[in-house]
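Asker: The structure follows.
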Amino acid sequence: MRIRRGIFVWGTLWRESDPDDRYPWFVRASAASAVGPVVLSHISAAALHGLPYIGLWPREVHSLNPEATGGSHTRLLTAHRGAPAPGGVEVAGCTATSLVRTLVDVAAGTNLLTAVVMIDHALRVEQARAADDVRLGRGGAGAITKDDLLTEFALVNPRRGYRQAEAAIAFANPLSANGGESLSRVRSFELGFVVPELQVCFPNVRGHDYWVDFYWRAVRMIGEFDGHQKYTRGRILAGRDLPRSSCRRRSARTHFGTAQTASCAGTGNWSSLPGGSANA
């Protein structure tokens, strides 16, 4: 399967892969085919950094060129003008903007949903990585924080998308467990609803704890994104068969009702998302 002129992957590998694999291959092939060094940026850098994207990945490959006039287009690349990215970092064999710079560029250059999904994911993963470093006695760097993003944002000072980038950084929350939860929060905000609390613990009458994705405290309402997956995917089944898991799910609802703590607002799932998934 030809990705770019003179660059191929095995056909079976391409057919068995999903878009979250294919777009990074396309990005790397485009960078390898370019004349001269390229600093990948925006959505293309996000793909190399492993950030999630809801919907279909674009066909364009983006790079950063401070001398570009507006958005310069070639057959291989779309070049963005902006503050120089000091040095860049090596990711998957390519030079790309740092994770912090990539998040700022995406926040300014896309939309609230795309930016929040990526920033939520990055903050959550960074917190987990830093915690593992401490637990294992590794001397890794500290987790990326909103303050880091705001510092980079001030340095970049984007000419376009300034307000939306500022809003996306402020709205981001590492407690969103996946892209679907981030999407749910953004859509709630855009529709004028109160943004819920995330990952709230409810003790039930049998002495166990249940964690819910969303809780609207003022109206005592809970919500779940893909609650079915929470009780049926293999990693969580932990050896239980599906019927028992289904009983456990119904039992959880019963215990919530018995405790009279909150009402269930309903669930969303991956099939309701544009493109059907997010690699979060």
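Each chain in the structure tokens gets a letter, A, B and so on, in the order shown; residues start at 1 in every chain, and ligands are counted from 1 in the order they appear.
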Could you build a table of the residues in segment 22-90 of chain A lying no more than 12 Å from segment 121-139 of chain A, giving for each the nearest pair of atoms and their separation in Å rounded to one decimal place, using only C-alpha atoms, ordered by chain and ascending residue number, as a tab-separated table?
Answerer:
```
residue	atom	partner	partner_atom	distance
A:Ala46	CA	A:Ala122	CA	10.2
A:His49	CA	A:Ala122	CA	9.4
A:Gly50	CA	A:Ala122	CA	9.1
A:Leu51	CA	A:His121	CA	7.0
A:Pro52	CA	A:His121	CA	7.3
A:Tyr53	CA	A:His121	CA	10.2
```
Asker: Can you list, as an mmCIF file with all heavy atoms, in the first residue's frame, every protein, DNA or RNA residue that comes within 9 Å of Val156 of chain A when you count only C-alpha atoms, leaving out same-chain residues fewer than 3 positions away?
Answerer:
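Final output, selection-v6.cif:
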```
data_model
loop_
_atom_site.group_PDB
_atom_site.id
_atom_site.type_symbol
_atom_site.label_atom_id
_atom_site.label_comp_id
_atom_site.auth_asym_id
_atom_site.auth_seq_id
_atom_site.Cartn_x
_atom_site.Cartn_y
_atom_site.Cartn_z
ATOM 1 N N GLY A 82 3.999 31.244 12.927
ATOM 2 C CA GLY A 82 3.810 31.407 14.360
ATOM 3 C C GLY A 82 5.140 31.584 15.048
ATOM 4 O O GLY A 82 6.195 31.563 14.410
ATOM 5 N N ALA A 83 5.079 31.796 16.358
ATOM 6 C CA ALA A 83 6.310 31.940 17.125
ATOM 7 C C ALA A 83 7.174 30.695 16.937
ATOM 8 O O ALA A 83 6.653 29.581 16.897
ATOM 9 C CB ALA A 83 5.994 32.148 18.602
ATOM 10 N N PRO A 84 8.500 30.867 16.781
ATOM 11 C CA PRO A 84 9.364 29.694 16.579
ATOM 12 C C PRO A 84 9.218 28.691 17.718
ATOM 13 O O PRO A 84 9.073 29.061 18.879
ATOM 14 C CB PRO A 84 10.776 30.300 16.552
ATOM 15 C CG PRO A 84 10.574 31.739 16.208
ATOM 16 C CD PRO A 84 9.251 32.127 16.805
ATOM 17 N N ALA A 85 9.228 27.418 17.360
ATOM 18 C CA ALA A 85 9.229 26.355 18.365
ATOM 19 C C ALA A 85 10.680 26.023 18.666
ATOM 20 O O ALA A 85 11.389 25.535 17.791
ATOM 21 C CB ALA A 85 8.507 25.128 17.835
ATOM 22 N N ARG A 101 3.587 22.817 23.436
ATOM 23 C CA ARG A 101 3.366 23.703 22.284
ATOM 24 C C ARG A 101 2.279 23.141 21.369
ATOM 25 O O ARG A 101 1.433 23.882 20.848
ATOM 26 C CB ARG A 101 4.669 23.882 21.505
ATOM 27 C CG ARG A 101 4.528 24.692 20.208
ATOM 28 C CD ARG A 101 3.990 26.117 20.490
ATOM 29 N NE ARG A 101 3.732 26.831 19.265
ATOM 30 C CZ ARG A 101 4.639 27.592 18.623
ATOM 31 N NH1 ARG A 101 5.872 27.687 19.109
ATOM 32 N NH2 ARG A 101 4.321 28.248 17.529
ATOM 33 N N VAL A 104 -1.152 23.951 22.750
ATOM 34 C CA VAL A 104 -1.489 25.368 22.570
ATOM 35 C C VAL A 104 -1.875 25.644 21.121
ATOM 36 O O VAL A 104 -2.865 26.334 20.841
ATOM 37 C CB VAL A 104 -0.306 26.259 23.009
ATOM 38 C CG1 VAL A 104 -0.535 27.708 22.581
ATOM 39 C CG2 VAL A 104 -0.118 26.188 24.519
ATOM 40 N N ASP A 105 -1.097 25.093 20.172
ATOM 41 C CA ASP A 105 -1.410 25.313 18.763
ATOM 42 C C ASP A 105 -2.764 24.710 18.387
ATOM 43 O O ASP A 105 -3.537 25.310 17.626
ATOM 44 C CB ASP A 105 -0.318 24.700 17.888
ATOM 45 C CG ASP A 105 0.971 25.503 17.897
ATOM 46 O OD1 ASP A 105 0.923 26.702 18.253
ATOM 47 O OD2 ASP A 105 2.026 24.938 17.551
ATOM 48 N N THR A 151 1.770 29.377 30.332
ATOM 49 C CA THR A 151 3.073 30.005 30.082
ATOM 50 C C THR A 151 3.422 29.926 28.605
ATOM 51 O O THR A 151 3.857 30.912 27.987
ATOM 52 C CB THR A 151 4.165 29.322 30.923
ATOM 53 O OG1 THR A 151 3.867 29.496 32.309
ATOM 54 C CG2 THR A 151 5.536 29.916 30.629
ATOM 55 N N GLU A 152 3.237 28.731 28.005
ATOM 56 C CA GLU A 152 3.503 28.556 26.573
ATOM 57 C C GLU A 152 2.547 29.397 25.741
ATOM 58 O O GLU A 152 2.939 29.992 24.726
ATOM 59 C CB GLU A 152 3.377 27.078 26.199
ATOM 60 C CG GLU A 152 3.761 26.755 24.776
ATOM 61 C CD GLU A 152 5.259 26.809 24.535
ATOM 62 O OE1 GLU A 152 6.016 26.845 25.532
ATOM 63 O OE2 GLU A 152 5.669 26.805 23.360
ATOM 64 N N PHE A 153 1.309 29.457 26.176
ATOM 65 C CA PHE A 153 0.301 30.258 25.482
ATOM 66 C C PHE A 153 0.715 31.730 25.425
ATOM 67 O O PHE A 153 0.592 32.395 24.387
ATOM 68 C CB PHE A 153 -1.035 30.090 26.197
ATOM 69 C CG PHE A 153 -2.151 30.940 25.671
ATOM 70 C CD1 PHE A 153 -2.630 30.778 24.379
ATOM 71 C CD2 PHE A 153 -2.755 31.893 26.476
ATOM 72 C CE1 PHE A 153 -3.671 31.546 23.891
ATOM 73 C CE2 PHE A 153 -3.798 32.665 26.004
ATOM 74 C CZ PHE A 153 -4.257 32.502 24.715
ATOM 75 N N ARG A 159 -2.091 34.975 16.995
ATOM 76 C CA ARG A 159 -2.839 36.091 16.402
ATOM 77 C C ARG A 159 -4.296 35.706 16.157
ATOM 78 O O ARG A 159 -5.174 36.556 16.179
ATOM 79 C CB ARG A 159 -2.202 36.490 15.070
ATOM 80 C CG ARG A 159 -0.803 37.065 15.190
ATOM 81 C CD ARG A 159 -0.308 37.512 13.837
ATOM 82 N NE ARG A 159 -0.339 36.409 12.874
ATOM 83 C CZ ARG A 159 -0.306 36.592 11.553
ATOM 84 N NH1 ARG A 159 -0.290 37.804 11.050
ATOM 85 N NH2 ARG A 159 -0.313 35.539 10.742
#
```
Asker: Please compute the atom CA of Ile222 of chain A-atom CA of Phe171 of chain A distance, one decimal, in Å.
Answerer: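 That distance, rounded to one decimal, is 20.2 Å.
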Asker: Quick one: residues within 9 Å of Leu77 of chain A, only C-alpha atoms, excluding same-chain residues fewer than 5 positions away - as a ChimeraX atom specification?
Answerer: /A:30-31,34,60-63,72
Asker: Counting only C-alpha atoms, figure out which residue out of A:Ile54, A:Val194, A:Ala79, A:Leu155 gets nearest to Gly179 of chain A.
Answerer: A:Ile54
Asker: Can you measure atom CA of Glu166 of chain A to atom CA of Leu99 of chain A for me? One decimal in Å is fine.
Answerer: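 Separating atom CA of Glu166 of chain A from atom CA of Leu99 of chain A is a distance of 16.9 Å.
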Asker: Name the closest residue to Ala92 of chain A among the candidates A:Asn204, A:Gln164, A:Ser44, A:Thr114; distances are taken between atoms, counting only C-alpha atoms.
Answerer: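 Using only C-alpha atoms, Ala92 of chain A sits closest to A:Ser44.
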Asker: From the options A:Arg22, A:His42, A:Arg185, A:Arg2, which residue's atoms come nearest to Phe225 of chain A, counting only C-alpha atoms?
Answerer: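 Nearest candidate to Phe225 of chain A out of A:Arg22, A:His42, A:Arg185, A:Arg2: A:Arg185.
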